[in-house]
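Enquirer: Pasting a structure here, questions to come.
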Amino acid sequence: MRVAVIGTGYVGLVSGVCLADFGHQVTCIDKDADKIAALCRGEMPIYEPGLHALVQSNAQEGRLQFATGIAGPVREADAVFITVSTPSRRGDGHADLSYVYAASREIAAALDDFTVVVTKSTVPVGTGDEVERIIREVRPEANVSVVSNPEFLREGAAIRDFKHPDRIVVGTEDERAKEVMAELYRPLYLNAAPILYTGRRTAELIKYAANAFLATKVTFINEIAELCEKVGADVQEVARGIGLDNRIGTKFLHAGPGFGGSCFPKDALALIKAGQDHEAPLRIVETVVAVNEQRKRAMARKVAAALGGNLRGKTIAVLGLTFKPNTDDMREAPSIALITALQDMGAAVRAYDPAGMEQAKPLLPDIAYASSAYACVEGADALVIITEWEQFRALDRGV
Ligand SMILES: NC(=O)c1ccc[n+]([C@@H]2O[C@H](COP(=O)([O-])OP(=O)(O)OC[C@H]3O[C@@H](n4cnc5c(N)ncnc54)[C@H](O)[C@@H]3O)[C@@H](O)[C@H]2O)c1
């Protein structure tokens with residue numbers, strides 16, 4: 001099948017290259033000409049394990065191309081994926097859908113023959129209806145079916161997640177669109193990954209509900225960790241003790257500095273807004289967001305307490321800046337709030353991250369960046385490990 005992917009970020013690039021690897025003919029499009037030029041030179045715009053080799057092999061075999069112009073690839077495509085960003089709208093926390101709608105207009109203008117337009121960006125319930133309305137406004141005669149196909153991949157394990165998903169959610173009631181989606185994902189289906197066909201609105205909500213549930217799990221164990229510290233219990237053992245219960249599961253029960261990243265914070269906020277708008281408030285999720293917000297600065301107070309309450313004149317070494325290991329993504333990383341709080345208390349901060357320092361520099365301009373983990377720690381009054389990169393596990397504490 002011929003596929004066009006609009007927006008070559010974390011999701012677009014990974015989805016595009018994996019679909020090419022399944023044997024489809026894919027063009028990844030981005031309006032960022034520098035990004036496309038770099039990809040054409042074989043340089044990856046993001047840090048994601050395994051991505052470079054997969055892009056290289058699929059480009060060499062002629063299944064994967066890159067472009068800035070939308071018209072040609074969309075005209076020829078059987079399916080067009082929208083994978084542009086949907087950040088929090090400034091001021092009110094609703095999802096900013098301007099990129100999705102702009103892409104929909106551009107797609108509409110280029111459509112030819114029957115085409116399935118697939119929204120893979122995380123979007124609020126009803127966005128598919130609006131995408132369809134926009135397309136029909138621009139091209140009333142368009143032979144098109146708009147489908148929701150939310151993405152559940154995790155940065156740092158994105159290729160594995162795309163190729164071995166727990167499930168594929170396809171929101172459509174159109175039989176022609178189902179056929180195209182089934183053909184696109186046939187290699188996964190053969191691998192026994194379940195495809196869940198739902199209504200379009202249901203598919204849109206599944207994505208937000210999944211992220212909000214996971215964020216709730218993280219926040220729950222973080223609150224339990226607080227109680228453990230007060231009563232002399234071990235949160236890791238508590239997590240194991242409850243996680244081995246199949247009804248609960250072991251994942252997302254690692255206490256830490258609070259959740260961050262490009263998805264959980266904005267998606268939880270957007271879901272809260274949807275709940276309020278539809279008079280179905282999501283009070284649990286509202287509390288999760290509030291608790292998580294407090295957690296990051298509370299961690300800085302813990303560091304201060306460990307150093308006797310006063311951080312003025314102290315140097316704190318920080319290992320790990322990205323919001324999780326194996327990515328260079330700094331969006332909403334807990335390190336930002338935690339480090340800012342340490343600085344507010346008078347500390348000097350020196351940090352090291354294996355992949356995220358370039359991305360961190362504009363967000364955290366007033367800290368020192370070390371060349372290695374050991375250089376970071378040398379002479380510091382305290383060490384804070386924020387992101388659990390594998391390489392920090394076996395540091396020689398005697399050095
Ligand atoms: N990052 C993740 O782990 C993840 C996981 C699941 C779902 N999602 C969702 O997927 C969507 C994309 O997220 P991301 O992290 O990949 O975003 P991103 O910011 O990394 O990439 C988006 C890309 O789209 C491009 N773009 C915007 N408008 C365009 C247009 N009209 N034409 C061509 N290119 C355009 C931008 O230049 C950018 O390169 C979001 O809705 C996000 O919530 C992300």
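Chains: A, B, ... in order of the structure tokens. Residues: from 1 per chain. Ligands: from 1, in order shown.
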Using only C-alpha atoms and all ligand atoms, which residues have at least one atom no more than 6 Å from ligand 1? Output them as a ChimeraX atom specification.
Expert: /A:6-12,29-32,83-86,99,102-103,121-122,151-155,262-263
Enquirer: What does the file look like for those residues with N, CA and C atoms, as a PDB file, in the first residue's frame?
Expert:
ATOM      1  N   ILE A   6       2.013  12.580   7.707  1.00  0.00           N
ATOM      2  CA  ILE A   6       2.173  14.040   7.821  1.00  0.00           C
ATOM      3  C   ILE A   6       2.651  14.375   9.227  1.00  0.00           C
ATOM      4  N   GLY A   7       3.883  14.831   9.338  1.00  0.00           N
ATOM      5  CA  GLY A   7       4.491  15.141  10.639  1.00  0.00           C
ATOM      6  C   GLY A   7       5.504  14.067  10.976  1.00  0.00           C
ATOM      7  N   THR A   8       6.801  14.402  10.833  1.00  0.00           N
ATOM      8  CA  THR A   8       7.838  13.385  11.011  1.00  0.00           C
ATOM      9  C   THR A   8       8.542  13.599  12.348  1.00  0.00           C
ATOM     10  N   GLY A   9       7.777  13.511  13.433  1.00  0.00           N
ATOM     11  CA  GLY A   9       8.336  13.616  14.788  1.00  0.00           C
ATOM     12  C   GLY A   9       8.523  12.220  15.360  1.00  0.00           C
ATOM     13  N   TYR A  10       8.445  12.098  16.676  1.00  0.00           N
ATOM     14  CA  TYR A  10       8.652  10.804  17.328  1.00  0.00           C
ATOM     15  C   TYR A  10       7.676   9.764  16.777  1.00  0.00           C
ATOM     16  N   VAL A  11       6.401  10.134  16.693  1.00  0.00           N
ATOM     17  CA  VAL A  11       5.400   9.158  16.258  1.00  0.00           C
ATOM     18  C   VAL A  11       5.408   8.978  14.746  1.00  0.00           C
ATOM     19  N   GLY A  12       5.491  10.079  14.012  1.00  0.00           N
ATOM     20  CA  GLY A  12       5.437   9.995  12.555  1.00  0.00           C
ATOM     21  C   GLY A  12       6.614   9.232  11.970  1.00  0.00           C
ATOM     22  N   ILE A  29       6.448  13.141   5.647  1.00  0.00           N
ATOM     23  CA  ILE A  29       6.452  14.554   5.254  1.00  0.00           C
ATOM     24  C   ILE A  29       6.553  15.422   6.502  1.00  0.00           C
ATOM     25  N   ASP A  30       7.332  16.477   6.398  1.00  0.00           N
ATOM     26  CA  ASP A  30       7.361  17.455   7.483  1.00  0.00           C
ATOM     27  C   ASP A  30       7.572  18.830   6.888  1.00  0.00           C
ATOM     28  N   LYS A  31       6.937  19.823   7.523  1.00  0.00           N
ATOM     29  CA  LYS A  31       7.115  21.191   7.001  1.00  0.00           C
ATOM     30  C   LYS A  31       8.433  21.783   7.475  1.00  0.00           C
ATOM     31  N   ASP A  32       9.104  21.099   8.405  1.00  0.00           N
ATOM     32  CA  ASP A  32      10.414  21.539   8.879  1.00  0.00           C
ATOM     33  C   ASP A  32      11.471  21.047   7.873  1.00  0.00           C
ATOM     34  N   THR A  83       0.186  12.773  11.985  1.00  0.00           N
ATOM     35  CA  THR A  83       0.974  12.526  13.206  1.00  0.00           C
ATOM     36  C   THR A  83       1.633  13.826  13.681  1.00  0.00           C
ATOM     37  N   VAL A  84       0.911  14.926  13.527  1.00  0.00           N
ATOM     38  CA  VAL A  84       1.450  16.220  13.977  1.00  0.00           C
ATOM     39  C   VAL A  84       1.228  16.364  15.484  1.00  0.00           C
ATOM     40  N   SER A  85       1.879  17.345  16.088  1.00  0.00           N
ATOM     41  CA  SER A  85       1.760  17.477  17.547  1.00  0.00           C
ATOM     42  C   SER A  85       0.424  18.092  17.958  1.00  0.00           C
ATOM     43  N   THR A  86       0.004  17.739  19.166  1.00  0.00           N
ATOM     44  CA  THR A  86      -1.229  18.278  19.750  1.00  0.00           C
ATOM     45  C   THR A  86      -0.906  18.754  21.167  1.00  0.00           C
ATOM     46  N   TYR A  99      -2.585  22.341  14.513  1.00  0.00           N
ATOM     47  CA  TYR A  99      -1.734  21.622  13.555  1.00  0.00           C
ATOM     48  C   TYR A  99      -2.526  20.524  12.840  1.00  0.00           C
ATOM     49  N   ALA A 102      -4.834  22.260  10.330  1.00  0.00           N
ATOM     50  CA  ALA A 102      -4.076  22.793   9.191  1.00  0.00           C
ATOM     51  C   ALA A 102      -3.674  21.651   8.255  1.00  0.00           C
ATOM     52  N   ALA A 103      -3.216  20.546   8.859  1.00  0.00           N
ATOM     53  CA  ALA A 103      -2.819  19.386   8.043  1.00  0.00           C
ATOM     54  C   ALA A 103      -4.036  18.844   7.282  1.00  0.00           C
ATOM     55  N   SER A 121      -2.345  11.244  15.725  1.00  0.00           N
ATOM     56  CA  SER A 121      -2.097  12.186  16.823  1.00  0.00           C
ATOM     57  C   SER A 121      -3.128  11.928  17.912  1.00  0.00           C
ATOM     58  N   THR A 122      -2.756  12.229  19.150  1.00  0.00           N
ATOM     59  CA  THR A 122      -3.700  12.078  20.263  1.00  0.00           C
ATOM     60  C   THR A 122      -4.640  13.280  20.255  1.00  0.00           C
ATOM     61  N   GLU A 151      -1.969   6.059  18.829  1.00  0.00           N
ATOM     62  CA  GLU A 151      -0.682   5.378  18.949  1.00  0.00           C
ATOM     63  C   GLU A 151      -0.311   5.225  20.430  1.00  0.00           C
ATOM     64  N   PHE A 152       0.192   4.043  20.763  1.00  0.00           N
ATOM     65  CA  PHE A 152       0.507   3.766  22.173  1.00  0.00           C
ATOM     66  C   PHE A 152       2.001   3.546  22.411  1.00  0.00           C
ATOM     67  N   LEU A 153       2.829   3.814  21.391  1.00  0.00           N
ATOM     68  CA  LEU A 153       4.260   3.535  21.563  1.00  0.00           C
ATOM     69  C   LEU A 153       4.861   4.389  22.671  1.00  0.00           C
ATOM     70  N   ARG A 154       5.931   3.864  23.277  1.00  0.00           N
ATOM     71  CA  ARG A 154       6.671   4.611  24.302  1.00  0.00           C
ATOM     72  C   ARG A 154       8.002   5.042  23.711  1.00  0.00           C
ATOM     73  N   GLU A 155       8.355   6.300  23.913  1.00  0.00           N
ATOM     74  CA  GLU A 155       9.686   6.723  23.489  1.00  0.00           C
ATOM     75  C   GLU A 155      10.710   5.870  24.222  1.00  0.00           C
ATOM     76  N   SER A 262       6.159  14.117  26.912  1.00  0.00           N
ATOM     77  CA  SER A 262       5.405  14.817  25.875  1.00  0.00           C
ATOM     78  C   SER A 262       3.936  14.439  25.879  1.00  0.00           C
ATOM     79  N   CYS A 263       3.550  13.423  26.661  1.00  0.00           N
ATOM     80  CA  CYS A 263       2.165  12.944  26.554  1.00  0.00           C
ATOM     81  C   CYS A 263       1.355  13.045  27.852  1.00  0.00           C
TER      82      CYS A 263
END
Enquirer: Using DSSP assignments from the backbone, pull out every residue in range 10-145 of chain A that falls under helix (DSSP H, G or I) and give it to me as a ChimeraX atom specification.
Expert: /A:10-21,33-40,51-60,71-76,98-110,127-138
Enquirer: When you look at range 331-336 of chain A with a cut-off of 6 Å (counting only C-alpha atoms), what residues show up, excluding the ones that are within fewer than 5 positions of it in the same chain? I need them as a list in words.
Expert: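 My list of contacting residues is Gly260, Gly261, Ser262, Leu321, Thr322 and Phe323 of chain A.
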Enquirer: For Lys163 in chain A, list every protein, DNA or RNA residue within 7 Å, evaluated using only C-alpha atoms, and leave out those in the same chain fewer than 3 positions away; present the list as a VMD selection string.
Expert: chain A and resid 159 to 160 188
Enquirer: Pick out the residues sitting within 6 Å of Leu338 in chain A, and hand them over as a list in words; count only C-alpha atoms, and ignore anything fewer than 2 positions along from it in its own chain.
Expert: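 Once the nearby chain positions are removed, what remains is Lys296, Arg297, Ala300, Ser335, Ile336, Thr340 and Ala341 of chain A.
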Enquirer: Per residue of range 294-385 of chain A within 12 Å of range 49-66 of chain A, note the shortest atom pair and the distance in Å to one decimal, counting only C-alpha atoms, and order the rows by chain and increasing residue number, as a tab-separated table.
Expert:
residue	atom	partner	partner_atom	distance
A:Pro325	CA	A:Pro49	CA	10.7
A:Asn326	CA	A:Pro49	CA	7.0
A:Thr327	CA	A:Pro49	CA	8.2
A:Asp328	CA	A:Pro49	CA	10.7
A:Ala355	CA	A:Pro49	CA	11.1
Enquirer: Output C-alpha atoms for every residue in the selection just made, as a compact mmCIF listing (two decimals), in the first residue's frame.
Expert:
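Listed below is the output, result.txt:
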# COMPACT_ATOMS: atom_id res chain seq x y z
CA PRO A 325 15.69 6.90 29.74
CA ASN A 326 16.57 6.12 26.10
CA THR A 327 15.19 9.34 24.70
CA ASP A 328 16.47 12.88 24.22
CA ALA A 355 21.39 11.97 25.24
Enquirer: Report, in Å with one decimal, the straight-line distance from CA of Gly128 in chain A to CA of Ile82 in chain A.
Expert: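 Result for CA of Gly128 in chain A versus CA of Ile82 in chain A: 11.0 Å, one decimal.
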Enquirer: Excluding Phe81 in chain A and its own-chain neighbours fewer than 3 positions away, which residues fall within 8 Å of it when counting only C-alpha atoms? Please give them as a VMD selection string.
Expert: chain A and resid 3 to 6 117 to 120
Enquirer: Can you tell me which residues surround Ala225 in chain A at a distance of at most 9 Å, considering only C-alpha atoms, apart from same-chain residues fewer than 6 positions away, and format the answer as JSON, numbers by chain?
Expert: {"A": [233, 234, 235, 236, 238, 255, 256]}
Enquirer: Those same residues, written as an mmCIF file, in the first residue's frame with N, CA, C and O atoms?
Expert:
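Here's the written file result.cif:
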data_model
loop_
_atom_site.group_PDB
_atom_site.id
_atom_site.type_symbol
_atom_site.label_atom_id
_atom_site.label_comp_id
_atom_site.auth_asym_id
_atom_site.auth_seq_id
_atom_site.Cartn_x
_atom_site.Cartn_y
_atom_site.Cartn_z
ATOM 1 N N ALA A 233 8.275 1.689 55.820
ATOM 2 C CA ALA A 233 8.044 0.570 54.884
ATOM 3 C C ALA A 233 8.845 0.810 53.608
ATOM 4 O O ALA A 233 9.305 1.920 53.365
ATOM 5 N N ASP A 234 9.012 -0.258 52.816
ATOM 6 C CA ASP A 234 9.817 -0.166 51.596
ATOM 7 C C ASP A 234 8.888 -0.132 50.385
ATOM 8 O O ASP A 234 8.206 -1.121 50.084
ATOM 9 N N VAL A 235 8.876 0.983 49.672
ATOM 10 C CA VAL A 235 7.901 1.140 48.584
ATOM 11 C C VAL A 235 8.154 0.140 47.452
ATOM 12 O O VAL A 235 7.204 -0.303 46.786
ATOM 13 N N GLN A 236 9.416 -0.233 47.233
ATOM 14 C CA GLN A 236 9.668 -1.187 46.145
ATOM 15 C C GLN A 236 9.048 -2.539 46.471
ATOM 16 O O GLN A 236 8.522 -3.225 45.602
ATOM 17 N N VAL A 238 6.473 -2.921 48.481
ATOM 18 C CA VAL A 238 5.014 -2.738 48.397
ATOM 19 C C VAL A 238 4.582 -2.864 46.935
ATOM 20 O O VAL A 238 3.606 -3.557 46.610
ATOM 21 N N ALA A 255 8.114 4.172 42.050
ATOM 22 C CA ALA A 255 8.042 5.513 42.644
ATOM 23 C C ALA A 255 9.172 6.367 42.079
ATOM 24 O O ALA A 255 10.263 5.871 41.813
ATOM 25 N N GLY A 256 8.892 7.630 41.851
ATOM 26 C CA GLY A 256 9.907 8.510 41.261
ATOM 27 C C GLY A 256 9.532 9.969 41.442
ATOM 28 O O GLY A 256 8.661 10.299 42.267
#
Enquirer: Figure out the distance between CA of Gly171 in chain A and CA of Asn149 in chain A, please, to one decimal in Å.
Expert: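 Separation of CA of Asn149 in chain A and CA of Gly171 in chain A: 6.2 Å.
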Enquirer: Between A:Gly249, A:Arg136, A:Leu271, A:Arg89, single out the one closest to Ala210 in chain A, counting only C-alpha atoms.
Expert: A:Leu271
Enquirer: Looking only at the backbone, which of the residues in range 226-322 of chain A does DSSP tag as strand (DSSP E or B), as an NGL selection string?
Expert: :A and (315-319)
Enquirer: Please report the interatomic distance between CA of Ile385 in chain A and CA of Leu364 in chain A in Å with one decimal.
Expert: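 That distance, rounded to one decimal, is 16.6 Å.
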Enquirer: Go through A:Pro87, A:Val291, A:Ile107, A:Ala95 and flag the residue nearest Ala71 in chain A, using only C-alpha atoms for the distances.
Expert: A:Ile107
